[in-house]
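Participant: Supplied structure: structure20.cif, mmCIF, C-alpha atoms, pLDDT in the B column; chains and numbers go by the auth columns.
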```
data_structure
#
loop_
_atom_site.group_PDB
_atom_site.id
_atom_site.type_symbol
_atom_site.label_atom_id
_atom_site.label_comp_id
_atom_site.label_asym_id
_atom_site.label_seq_id
_atom_site.Cartn_x
_atom_site.Cartn_y
_atom_site.Cartn_z
_atom_site.B_iso_or_equiv
_atom_site.auth_seq_id
_atom_site.auth_asym_id
ATOM 1 C CA MET A 1 -7.893 -19.107 -50.793 36.00 127 A
ATOM 2 C CA THR A 2 -9.966 -21.817 -49.136 39.00 128 A
ATOM 3 C CA GLN A 3 -13.442 -23.009 -50.077 42.00 129 A
ATOM 4 C CA HIS A 4 -15.546 -25.105 -47.738 44.00 130 A
ATOM 5 C CA PHE A 5 -17.100 -28.424 -48.693 48.00 131 A
ATOM 6 C CA PRO A 6 -18.893 -30.920 -46.466 46.00 132 A
ATOM 7 C CA SER A 7 -16.504 -32.448 -43.946 41.00 133 A
ATOM 8 C CA ARG A 8 -13.330 -30.978 -45.473 55.00 134 A
ATOM 9 C CA GLN A 9 -11.509 -27.918 -46.741 71.00 135 A
ATOM 10 C CA LEU A 10 -9.881 -27.524 -50.122 85.00 136 A
ATOM 11 C CA ARG A 11 -6.899 -25.326 -50.761 90.00 137 A
ATOM 12 C CA PHE A 12 -6.919 -23.547 -54.100 93.00 138 A
ATOM 13 C CA PHE A 13 -3.880 -22.348 -56.046 93.00 139 A
ATOM 14 C CA LEU A 14 -3.393 -19.924 -58.932 93.00 140 A
ATOM 15 C CA THR A 15 -1.105 -20.672 -61.862 93.00 141 A
ATOM 16 C CA ALA A 16 1.293 -18.182 -63.383 93.00 142 A
ATOM 17 C CA PRO A 17 0.278 -16.618 -66.726 91.00 143 A
ATOM 18 C CA SER A 18 0.996 -18.750 -69.800 89.00 144 A
ATOM 19 C CA PRO A 19 0.106 -18.474 -73.521 89.00 145 A
ATOM 20 C CA CYS A 20 -3.577 -19.208 -74.162 86.00 146 A
ATOM 21 C CA PRO A 21 -4.024 -22.395 -76.253 83.00 147 A
ATOM 22 C CA TYR A 22 -7.247 -21.096 -77.827 85.00 148 A
ATOM 23 C CA LEU A 23 -6.921 -17.352 -78.439 87.00 149 A
ATOM 24 C CA PRO A 24 -3.757 -15.909 -79.977 86.00 150 A
ATOM 25 C CA GLU A 25 -1.833 -13.147 -78.229 85.00 151 A
ATOM 26 C CA ARG A 26 -3.617 -13.799 -74.948 88.00 152 A
ATOM 27 C CA HIS A 27 -2.481 -15.391 -71.721 89.00 153 A
ATOM 28 C CA GLU A 28 -4.355 -17.685 -69.389 91.00 154 A
ATOM 29 C CA ARG A 29 -4.330 -18.344 -65.664 93.00 155 A
ATOM 30 C CA LYS A 30 -6.119 -21.132 -63.841 94.00 156 A
ATOM 31 C CA VAL A 31 -7.278 -21.711 -60.301 95.00 157 A
ATOM 32 C CA PHE A 32 -6.943 -25.343 -59.259 93.00 158 A
ATOM 33 C CA ALA A 33 -7.229 -27.742 -56.349 94.00 159 A
ATOM 34 C CA HIS A 34 -6.195 -31.335 -55.733 93.00 160 A
ATOM 35 C CA LEU A 35 -9.159 -33.694 -55.424 92.00 161 A
ATOM 36 C CA PRO A 36 -9.061 -35.651 -52.163 89.00 162 A
ATOM 37 C CA LEU A 37 -8.703 -39.415 -52.429 84.00 163 A
ATOM 38 C CA SER A 38 -11.330 -40.066 -49.769 84.00 164 A
ATOM 39 C CA ASP A 39 -14.165 -38.083 -51.361 87.00 165 A
ATOM 40 C CA GLY A 40 -12.890 -37.222 -54.808 88.00 166 A
ATOM 41 C CA ALA A 41 -16.154 -38.068 -56.553 90.00 167 A
ATOM 42 C CA GLY A 42 -18.311 -35.878 -54.327 92.00 168 A
ATOM 43 C CA VAL A 43 -15.929 -32.933 -54.454 93.00 169 A
ATOM 44 C CA ASN A 44 -15.581 -33.303 -58.228 93.00 170 A
ATOM 45 C CA ASP A 45 -19.376 -33.186 -58.541 94.00 171 A
ATOM 46 C CA SER A 46 -19.599 -29.982 -56.519 93.00 172 A
ATOM 47 C CA LEU A 47 -16.783 -28.275 -58.392 95.00 173 A
ATOM 48 C CA THR A 48 -18.017 -29.296 -61.841 95.00 174 A
ATOM 49 C CA GLN A 49 -21.424 -27.818 -61.055 94.00 175 A
ATOM 50 C CA VAL A 50 -19.788 -24.421 -60.465 94.00 176 A
ATOM 51 C CA GLY A 51 -17.642 -24.438 -63.584 94.00 177 A
ATOM 52 C CA PHE A 52 -14.563 -26.542 -62.849 96.00 178 A
ATOM 53 C CA ARG A 53 -13.131 -29.293 -65.036 95.00 179 A
ATOM 54 C CA ARG A 54 -11.155 -32.373 -64.033 94.00 180 A
ATOM 55 C CA SER A 55 -7.708 -33.395 -65.235 93.00 181 A
ATOM 56 C CA GLN A 56 -6.444 -36.511 -63.445 92.00 182 A
ATOM 57 C CA ASN A 57 -6.730 -35.663 -59.727 93.00 183 A
ATOM 58 C CA ILE A 58 -6.867 -31.899 -60.257 93.00 184 A
ATOM 59 C CA ALA A 59 -9.955 -29.719 -60.642 94.00 185 A
ATOM 60 C CA TYR A 60 -9.396 -26.393 -62.400 94.00 186 A
ATOM 61 C CA ARG A 61 -11.146 -23.472 -64.021 94.00 187 A
ATOM 62 C CA PRO A 62 -9.969 -20.344 -65.879 93.00 188 A
ATOM 63 C CA ALA A 63 -9.050 -17.322 -63.767 94.00 189 A
ATOM 64 C CA CYS A 64 -7.870 -14.877 -66.417 91.00 190 A
ATOM 65 C CA GLU A 65 -7.751 -11.262 -65.269 87.00 191 A
ATOM 66 C CA ALA A 66 -8.711 -9.543 -68.531 85.00 192 A
ATOM 67 C CA CYS A 67 -10.672 -12.247 -70.357 90.00 193 A
ATOM 68 C CA ALA A 68 -13.889 -14.188 -69.738 89.00 194 A
ATOM 69 C CA ALA A 69 -14.074 -16.051 -73.052 90.00 195 A
ATOM 70 C CA CYS A 70 -14.234 -19.523 -71.453 92.00 196 A
ATOM 71 C CA VAL A 71 -17.825 -20.380 -70.532 93.00 197 A
ATOM 72 C CA SER A 72 -18.917 -23.687 -68.990 95.00 198 A
ATOM 73 C CA ALA A 73 -21.513 -25.497 -71.090 95.00 199 A
ATOM 74 C CA ARG A 74 -23.840 -28.411 -70.425 96.00 200 A
ATOM 75 C CA ILE A 75 -26.724 -30.011 -72.323 96.00 201 A
ATOM 76 C CA PRO A 76 -30.052 -30.627 -70.528 96.00 202 A
ATOM 77 C CA ALA A 77 -30.570 -34.179 -71.755 96.00 203 A
ATOM 78 C CA ALA A 78 -34.297 -34.662 -71.148 92.00 204 A
ATOM 79 C CA ASP A 79 -35.228 -31.471 -73.019 88.00 205 A
ATOM 80 C CA TYR A 80 -32.833 -31.928 -75.903 93.00 206 A
ATOM 81 C CA LEU A 81 -34.328 -31.616 -79.386 89.00 207 A
ATOM 82 C CA PHE A 82 -32.384 -33.514 -82.026 94.00 208 A
ATOM 83 C CA SER A 83 -32.162 -31.586 -85.269 93.00 209 A
ATOM 84 C CA ARG A 84 -32.521 -33.231 -88.656 94.00 210 A
ATOM 85 C CA SER A 85 -28.755 -33.160 -89.233 94.00 211 A
ATOM 86 C CA GLU A 86 -28.127 -34.657 -85.782 95.00 212 A
ATOM 87 C CA ARG A 87 -30.556 -37.494 -86.444 96.00 213 A
ATOM 88 C CA LYS A 88 -28.689 -38.159 -89.678 96.00 214 A
ATOM 89 C CA ALA A 89 -25.366 -38.230 -87.806 95.00 215 A
ATOM 90 C CA ILE A 90 -26.789 -40.802 -85.400 97.00 216 A
ATOM 91 C CA ALA A 91 -28.116 -42.875 -88.308 97.00 217 A
ATOM 92 C CA ARG A 92 -24.738 -42.790 -90.101 96.00 218 A
ATOM 93 C CA ASN A 93 -23.175 -44.457 -87.067 97.00 219 A
ATOM 94 C CA GLU A 94 -25.761 -47.165 -86.504 95.00 220 A
ATOM 95 C CA ASP A 95 -23.138 -49.707 -87.548 94.00 221 A
ATOM 96 C CA LEU A 96 -21.013 -48.855 -84.501 96.00 222 A
ATOM 97 C CA GLU A 97 -21.085 -50.714 -81.204 95.00 223 A
ATOM 98 C CA ARG A 98 -20.489 -48.909 -77.926 95.00 224 A
ATOM 99 C CA HIS A 99 -18.438 -50.684 -75.273 96.00 225 A
ATOM 100 C CA LEU A 100 -18.159 -49.383 -71.704 96.00 226 A
ATOM 101 C CA VAL A 101 -14.747 -50.385 -70.379 96.00 227 A
ATOM 102 C CA GLU A 102 -12.790 -49.682 -67.222 96.00 228 A
ATOM 103 C CA ALA A 103 -10.612 -46.571 -67.137 95.00 229 A
ATOM 104 C CA GLU A 104 -7.506 -48.495 -68.112 96.00 230 A
ATOM 105 C CA ALA A 105 -5.309 -47.221 -70.922 97.00 231 A
ATOM 106 C CA THR A 106 -4.568 -49.436 -73.917 97.00 232 A
ATOM 107 C CA MET A 107 -2.053 -49.018 -76.709 97.00 233 A
ATOM 108 C CA GLU A 108 -4.895 -49.305 -79.226 97.00 234 A
ATOM 109 C CA GLN A 109 -6.564 -46.256 -77.674 97.00 235 A
ATOM 110 C CA PHE A 110 -3.274 -44.369 -77.578 96.00 236 A
ATOM 111 C CA ASP A 111 -2.565 -45.077 -81.256 96.00 237 A
ATOM 112 C CA LEU A 112 -5.985 -43.641 -82.143 97.00 238 A
ATOM 113 C CA LEU A 113 -5.320 -40.605 -79.925 95.00 239 A
ATOM 114 C CA ARG A 114 -1.960 -39.957 -81.626 94.00 240 A
ATOM 115 C CA ARG A 115 -3.575 -40.042 -85.078 94.00 241 A
ATOM 116 C CA TYR A 116 -6.310 -37.693 -83.877 93.00 242 A
ATOM 117 C CA LEU A 117 -3.900 -35.203 -82.313 91.00 243 A
ATOM 118 C CA THR A 118 -1.508 -35.234 -85.261 89.00 244 A
ATOM 119 C CA THR A 119 -4.325 -34.486 -87.691 85.00 245 A
ATOM 120 C CA ARG A 120 -6.629 -32.210 -85.695 74.00 246 A
ATOM 121 C CA HIS A 121 -4.486 -30.585 -82.988 65.00 247 A
ATOM 122 C CA ALA A 122 -0.879 -30.699 -84.153 56.00 248 A
ATOM 123 C CA ASP A 123 -0.221 -27.259 -82.662 64.00 249 A
ATOM 124 C CA GLY A 124 -2.109 -27.873 -79.421 60.00 250 A
ATOM 125 C CA GLY A 125 -0.860 -28.414 -75.902 62.00 251 A
ATOM 126 C CA MET A 126 -1.518 -32.175 -76.057 71.00 252 A
ATOM 127 C CA ALA A 127 0.328 -32.761 -79.338 69.00 253 A
ATOM 128 C CA GLU A 128 3.408 -34.113 -77.556 79.00 254 A
ATOM 129 C CA MET A 129 1.481 -36.482 -75.289 86.00 255 A
ATOM 130 C CA THR A 130 3.428 -39.667 -74.560 92.00 256 A
ATOM 131 C CA TRP A 131 2.202 -43.103 -73.525 96.00 257 A
ATOM 132 C CA PRO A 132 2.880 -42.429 -69.800 95.00 258 A
ATOM 133 C CA ASP A 133 0.989 -39.123 -70.147 94.00 259 A
ATOM 134 C CA TYR A 134 -2.020 -40.962 -71.592 95.00 260 A
ATOM 135 C CA VAL A 135 -1.916 -43.613 -68.866 96.00 261 A
ATOM 136 C CA ALA A 136 -1.952 -40.858 -66.242 95.00 262 A
ATOM 137 C CA MET A 137 -4.823 -39.014 -67.953 95.00 263 A
ATOM 138 C CA VAL A 138 -6.977 -42.146 -67.930 96.00 264 A
ATOM 139 C CA GLU A 139 -5.990 -43.940 -64.748 95.00 265 A
ATOM 140 C CA ASP A 140 -4.791 -41.310 -62.260 91.00 266 A
ATOM 141 C CA THR A 141 -8.093 -40.456 -60.610 90.00 267 A
ATOM 142 C CA ALA A 142 -10.289 -41.235 -57.619 84.00 268 A
ATOM 143 C CA VAL A 143 -13.613 -40.319 -59.241 92.00 269 A
ATOM 144 C CA ARG A 144 -16.252 -42.476 -60.941 93.00 270 A
ATOM 145 C CA THR A 145 -14.981 -42.642 -64.505 95.00 271 A
ATOM 146 C CA HIS A 146 -14.897 -45.002 -67.478 97.00 272 A
ATOM 147 C CA ILE A 147 -14.107 -45.139 -71.189 98.00 273 A
ATOM 148 C CA ILE A 148 -16.634 -45.617 -73.970 98.00 274 A
ATOM 149 C CA GLU A 149 -15.131 -47.303 -77.008 97.00 275 A
ATOM 150 C CA TYR A 150 -16.957 -47.049 -80.327 97.00 276 A
ATOM 151 C CA ARG A 151 -16.165 -49.905 -82.679 97.00 277 A
ATOM 152 C CA THR A 152 -17.332 -51.189 -86.017 94.00 278 A
ATOM 153 C CA ARG A 153 -19.182 -54.472 -85.784 88.00 279 A
ATOM 154 C CA PRO A 154 -16.796 -57.415 -86.130 81.00 280 A
ATOM 155 C CA ARG A 155 -17.009 -59.506 -89.253 70.00 281 A
ATOM 156 C CA ASP A 156 -18.732 -62.822 -88.703 57.00 282 A
ATOM 157 C CA CYS A 157 -16.021 -65.355 -89.447 48.00 283 A
ATOM 158 C CA GLY A 158 -17.402 -68.059 -87.226 47.00 284 A
ATOM 159 C CA LEU A 159 -17.974 -67.951 -83.500 42.00 285 A
ATOM 160 C CA GLN A 160 -14.436 -69.038 -82.672 44.00 286 A
ATOM 161 C CA ASN A 161 -12.845 -66.333 -84.821 43.00 287 A
ATOM 162 C CA ARG A 162 -14.993 -63.373 -83.922 51.00 288 A
ATOM 163 C CA GLY A 163 -12.951 -60.542 -82.486 63.00 289 A
ATOM 164 C CA MET A 164 -13.350 -56.878 -81.653 80.00 290 A
ATOM 165 C CA GLY A 165 -14.238 -54.495 -84.431 91.00 291 A
ATOM 166 C CA GLU A 166 -12.113 -51.519 -85.461 94.00 292 A
ATOM 167 C CA LEU A 167 -11.809 -48.795 -82.804 97.00 293 A
ATOM 168 C CA VAL A 168 -12.990 -45.503 -84.347 97.00 294 A
ATOM 169 C CA ALA A 169 -13.703 -43.276 -81.320 97.00 295 A
ATOM 170 C CA CYS A 170 -13.172 -43.080 -77.548 97.00 296 A
ATOM 171 C CA ALA A 171 -14.580 -40.937 -74.766 97.00 297 A
ATOM 172 C CA LEU A 172 -13.270 -40.624 -71.216 97.00 298 A
ATOM 173 C CA VAL A 173 -16.374 -39.951 -69.130 97.00 299 A
ATOM 174 C CA ASP A 174 -16.990 -39.083 -65.473 96.00 300 A
ATOM 175 C CA VAL A 175 -20.254 -40.275 -63.950 96.00 301 A
ATOM 176 C CA MET A 176 -21.592 -37.551 -61.672 95.00 302 A
ATOM 177 C CA SER A 177 -24.623 -37.284 -59.452 94.00 303 A
ATOM 178 C CA ASP A 178 -26.384 -35.047 -61.989 95.00 304 A
ATOM 179 C CA GLY A 179 -24.932 -36.093 -65.299 96.00 305 A
ATOM 180 C CA LEU A 180 -22.147 -37.339 -67.527 97.00 306 A
ATOM 181 C CA SER A 181 -19.033 -35.209 -67.903 97.00 307 A
ATOM 182 C CA LEU A 182 -17.097 -35.648 -71.155 96.00 308 A
ATOM 183 C CA VAL A 183 -13.532 -35.280 -69.937 96.00 309 A
ATOM 184 C CA TYR A 184 -11.922 -35.924 -73.317 94.00 310 A
ATOM 185 C CA SER A 185 -12.908 -37.591 -76.582 95.00 311 A
ATOM 186 C CA PHE A 186 -10.999 -38.455 -79.731 95.00 312 A
ATOM 187 C CA TYR A 187 -11.712 -40.297 -82.943 95.00 313 A
ATOM 188 C CA ASP A 188 -10.448 -41.486 -86.319 95.00 314 A
ATOM 189 C CA PRO A 189 -9.792 -38.265 -88.274 93.00 315 A
ATOM 190 C CA THR A 190 -10.071 -40.059 -91.631 94.00 316 A
ATOM 191 C CA GLN A 191 -13.753 -40.884 -91.161 93.00 317 A
ATOM 192 C CA SER A 192 -15.113 -37.360 -91.558 91.00 318 A
ATOM 193 C CA ARG A 193 -18.417 -38.520 -93.043 93.00 319 A
ATOM 194 C CA ARG A 194 -19.406 -40.012 -89.695 94.00 320 A
ATOM 195 C CA SER A 195 -19.194 -36.659 -87.822 94.00 321 A
ATOM 196 C CA LEU A 196 -17.771 -38.640 -84.915 96.00 322 A
ATOM 197 C CA GLY A 197 -17.133 -35.635 -82.666 93.00 323 A
ATOM 198 C CA SER A 198 -20.797 -34.640 -82.745 94.00 324 A
ATOM 199 C CA PHE A 199 -21.968 -38.251 -82.634 97.00 325 A
ATOM 200 C CA VAL A 200 -20.116 -38.976 -79.382 97.00 326 A
ATOM 201 C CA ILE A 201 -21.851 -36.023 -77.714 97.00 327 A
ATOM 202 C CA LEU A 202 -25.271 -36.941 -79.097 97.00 328 A
ATOM 203 C CA ASP A 203 -24.826 -40.542 -77.989 98.00 329 A
ATOM 204 C CA HIS A 204 -24.091 -39.374 -74.452 98.00 330 A
ATOM 205 C CA VAL A 205 -27.241 -37.232 -74.475 97.00 331 A
ATOM 206 C CA ILE A 206 -29.133 -40.431 -75.292 97.00 332 A
ATOM 207 C CA GLN A 207 -27.305 -42.372 -72.570 97.00 333 A
ATOM 208 C CA ALA A 208 -27.989 -39.658 -69.999 97.00 334 A
ATOM 209 C CA CYS A 209 -31.701 -39.890 -70.805 96.00 335 A
ATOM 210 C CA LEU A 210 -31.656 -43.677 -70.512 96.00 336 A
ATOM 211 C CA THR A 211 -30.032 -43.462 -67.074 95.00 337 A
ATOM 212 C CA ALA A 212 -32.185 -40.531 -65.877 96.00 338 A
ATOM 213 C CA LEU A 213 -29.217 -38.173 -65.541 97.00 339 A
ATOM 214 C CA PRO A 214 -30.151 -34.532 -66.208 97.00 340 A
ATOM 215 C CA TYR A 215 -27.033 -33.186 -67.907 97.00 341 A
ATOM 216 C CA VAL A 216 -24.129 -33.836 -70.248 97.00 342 A
ATOM 217 C CA TYR A 217 -21.214 -31.555 -69.319 97.00 343 A
ATOM 218 C CA LEU A 218 -19.155 -30.415 -72.329 95.00 344 A
ATOM 219 C CA GLY A 219 -16.464 -28.350 -70.645 93.00 345 A
ATOM 220 C CA TYR A 220 -15.731 -24.840 -71.897 92.00 346 A
ATOM 221 C CA TRP A 221 -17.082 -23.017 -74.885 91.00 347 A
ATOM 222 C CA VAL A 222 -14.393 -20.461 -75.798 88.00 348 A
ATOM 223 C CA ARG A 223 -15.783 -17.392 -77.519 85.00 349 A
ATOM 224 C CA GLY A 224 -13.697 -16.532 -80.573 79.00 350 A
ATOM 225 C CA SER A 225 -12.061 -19.968 -80.865 79.00 351 A
ATOM 226 C CA GLU A 226 -12.990 -21.942 -83.974 76.00 352 A
ATOM 227 C CA LYS A 227 -11.833 -25.166 -82.306 75.00 353 A
ATOM 228 C CA MET A 228 -14.338 -24.763 -79.459 77.00 354 A
ATOM 229 C CA ASP A 229 -17.189 -23.078 -81.328 78.00 355 A
ATOM 230 C CA TYR A 230 -18.904 -26.406 -82.079 79.00 356 A
ATOM 231 C CA LYS A 231 -20.285 -26.610 -78.551 84.00 357 A
ATOM 232 C CA VAL A 232 -22.871 -23.869 -79.042 85.00 358 A
ATOM 233 C CA ARG A 233 -24.254 -25.652 -82.091 87.00 359 A
ATOM 234 C CA PHE A 234 -26.077 -27.979 -79.708 92.00 360 A
ATOM 235 C CA SER A 235 -29.506 -26.704 -78.686 89.00 361 A
ATOM 236 C CA PRO A 236 -30.883 -26.267 -76.140 92.00 362 A
ATOM 237 C CA ILE A 237 -27.762 -25.751 -74.049 94.00 363 A
ATOM 238 C CA GLU A 238 -27.030 -24.199 -70.658 95.00 364 A
ATOM 239 C CA LEU A 239 -24.169 -21.738 -70.172 95.00 365 A
ATOM 240 C CA LEU A 240 -22.770 -20.751 -66.792 95.00 366 A
ATOM 241 C CA LYS A 241 -23.178 -17.011 -66.384 92.00 367 A
ATOM 242 C CA PRO A 242 -22.286 -15.015 -63.251 90.00 368 A
ATOM 243 C CA GLU A 243 -25.905 -15.382 -62.100 92.00 369 A
ATOM 244 C CA GLY A 244 -25.901 -19.152 -62.616 94.00 370 A
ATOM 245 C CA TRP A 245 -26.701 -21.725 -65.287 96.00 371 A
ATOM 246 C CA THR A 246 -28.809 -20.123 -68.024 94.00 372 A
ATOM 247 C CA LEU A 247 -30.716 -21.938 -70.758 94.00 373 A
ATOM 248 C CA VAL A 248 -30.135 -20.706 -74.306 89.00 374 A
ATOM 249 C CA VAL A 249 -31.790 -22.028 -77.458 81.00 375 A
ATOM 250 C CA GLY A 250 -30.708 -22.042 -81.074 67.00 376 A
ATOM 251 C CA GLY A 251 -28.280 -19.258 -81.968 55.00 377 A
ATOM 252 C CA ALA A 252 -28.882 -17.440 -78.698 48.00 378 A
ATOM 253 C CA ALA A 253 -25.479 -18.486 -77.335 49.00 379 A
ATOM 254 C CA LYS A 254 -23.626 -16.695 -80.105 45.00 380 A
ATOM 255 C CA ALA A 255 -26.010 -13.765 -79.957 46.00 381 A
ATOM 256 C CA ALA A 256 -25.212 -13.431 -76.255 48.00 382 A
ATOM 257 C CA ASN A 257 -21.519 -13.150 -77.063 43.00 383 A
ATOM 258 C CA GLY A 258 -21.149 -9.675 -75.640 42.00 384 A
ATOM 259 C CA THR A 259 -23.298 -10.219 -72.559 39.00 385 A
ATOM 260 C CA LEU A 260 -21.850 -13.375 -71.033 36.00 386 A
#
```
Would you put the structure from the file into structure tokens?
Facilitator:
Amino acid sequence: MTQHFPSRQLRFFLTAPSPCPYLPERHERKVFAHLPLSDGAGVNDSLTQVGFRRSQNIAYRPACEACAACVSARIPAADYLFSRSERKAIARNEDLERHLVEAEATMEQFDLLRRYLTTRHADGGMAEMTWPDYVAMVEDTAVRTHIIEYRTRPRDCGLQNRGMGELVACALVDVMSDGLSLVYSFYDPTQSRRSLGSFVILDHVIQACLTALPYVYLGYWVRGSEKMDYKVRFSPIELLKPEGWTLVVGGAAKAANGTL
């Protein structure tokens, strides 16, 4: 099928069924298109706003025939109300420094990713990711993207000996016309007290507000998947229903489980 965008046409393709990585005994299919090099950022914006996600130079979204468990989610940054526990998570990470760096892969980042995947997603589709795979994930793109590195503050050993602090979390982030899209994030799995997964999202809500961007795109909430259930703990949040983006507050996302 072909969908029209300003000044160009995109050709969409459908994958063959494969085992679902989130829900056992189910199969997934995806519709995808290659992002054009000349206007990749603009096309990526348009597709993300209607429920697609980006992986390298491909935009995709679920197209499962008998399942609609994957629901696009985004946080309206300006209206976000930080809960008491979220404020505590932010406070627990006040000792971290955030560094915006170019989308260029480093072995330090890859080592952190391997530790994260081995501990948190050993049975997932990315568990066998190699160094070339990681380089492609980070660098093979024509959109506006960067990496946020979260580091502990370096010890003050004199100005000449000051170096970078320990890398504890990373986020690959696309900058869109209407928000920040968290493509992928990973963190030190041994530092559970920091709640780094939640902190990275909350920090990007703050950054979106500071840069006057309306939304933080989280990707898909997958109903019935414990690994993806964390996304509807953020409130308020918008979910993409057939009639469009719909604001839900508190536990309304889970309560709407049978109606989405």
Participant: Can you list, as a PyMOL selection string, every protein, DNA or RNA residue that comes within 10 Å of segment 354-356 of chain A when you count only C-alpha atoms, leaving out same-chain residues fewer than 4 positions away?
Facilitator: chain A and resi 148+196+323-324+345-350+360+380
Participant: Contacts of segment 203-208 of chain A at 9 Å or less, counting only C-alpha atoms, minus same-chain residues fewer than 6 places along, as a list in words?
Facilitator: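 Selected residues are Gly305, Leu328, His330, Val331, Ile332, Gln333, Ala334, Cys335, Ala338, Leu339, Pro340, Tyr341, Val342, Phe360, Ser361, Pro362 and Ile363 of chain A.
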Participant: What does the PyMOL selection byres ((chain A and resi 228) around 8) select in this file, as a tab-separated table (two decimals) with C-alpha atoms, keeping the file's coordinate frame?
Facilitator:
```tsv
chain	number	residue	atom	x	y	z
A	226	LEU	CA	-18.16	-49.38	-71.70
A	227	VAL	CA	-14.75	-50.38	-70.38
A	229	ALA	CA	-10.61	-46.57	-67.14
A	230	GLU	CA	-7.51	-48.50	-68.11
A	271	THR	CA	-14.98	-42.64	-64.50
A	272	HIS	CA	-14.90	-45.00	-67.48
A	273	ILE	CA	-14.11	-45.14	-71.19
```
Participant: With only C-alpha atoms as the counted atoms, please give the residues lying no more than 12 Å from Asp237 of chain A, apart from itself and same-chain residues fewer than 3 positions off, as a ChimeraX atom specification.
Facilitator: /A:231-234,240-244,255-257,260,293-296,312-314
Participant: Write out as a short mmCIF file (atom, residue, chain, number, x, y, z; two decimals) with C-alpha atoms, in the coordinates of the input the residues lying within 9 Å of segment 155-165 of chain A, counting only C-alpha atoms and excluding same-chain residues fewer than 5 positions away.
Facilitator:
```cif
data_model
loop_
_atom_site.label_atom_id
_atom_site.label_comp_id
_atom_site.auth_asym_id
_atom_site.auth_seq_id
_atom_site.Cartn_x
_atom_site.Cartn_y
_atom_site.Cartn_z
CA LEU A 136 -9.88 -27.52 -50.12
CA ARG A 137 -6.90 -25.33 -50.76
CA PHE A 138 -6.92 -23.55 -54.10
CA PHE A 139 -3.88 -22.35 -56.05
CA LEU A 140 -3.39 -19.92 -58.93
CA THR A 141 -1.10 -20.67 -61.86
CA ALA A 142 1.29 -18.18 -63.38
CA PRO A 143 0.28 -16.62 -66.73
CA SER A 144 1.00 -18.75 -69.80
CA CYS A 146 -3.58 -19.21 -74.16
CA ASN A 170 -15.58 -33.30 -58.23
CA PHE A 178 -14.56 -26.54 -62.85
CA ARG A 180 -11.16 -32.37 -64.03
CA GLN A 182 -6.44 -36.51 -63.44
CA ASN A 183 -6.73 -35.66 -59.73
CA ILE A 184 -6.87 -31.90 -60.26
CA ALA A 185 -9.96 -29.72 -60.64
CA TYR A 186 -9.40 -26.39 -62.40
CA ARG A 187 -11.15 -23.47 -64.02
CA PRO A 188 -9.97 -20.34 -65.88
CA ALA A 189 -9.05 -17.32 -63.77
CA CYS A 190 -7.87 -14.88 -66.42
CA GLU A 191 -7.75 -11.26 -65.27
CA THR A 267 -8.09 -40.46 -60.61
CA ALA A 268 -10.29 -41.24 -57.62
CA VAL A 269 -13.61 -40.32 -59.24
#
```
Participant: As AutoDock Vina command-line options, please report the centre and edge lengths, rounded to one decimal in Å, of the axis-aligned box that holds all listed atoms of segment 188-206 of chain A with 5 Å of padding on each of the six sides.
Facilitator:
```
--center_x -21.5 --center_y -22.1 --center_z -69.8 --size_x 37.5 --size_y 35.1 --size_z 22.1
```
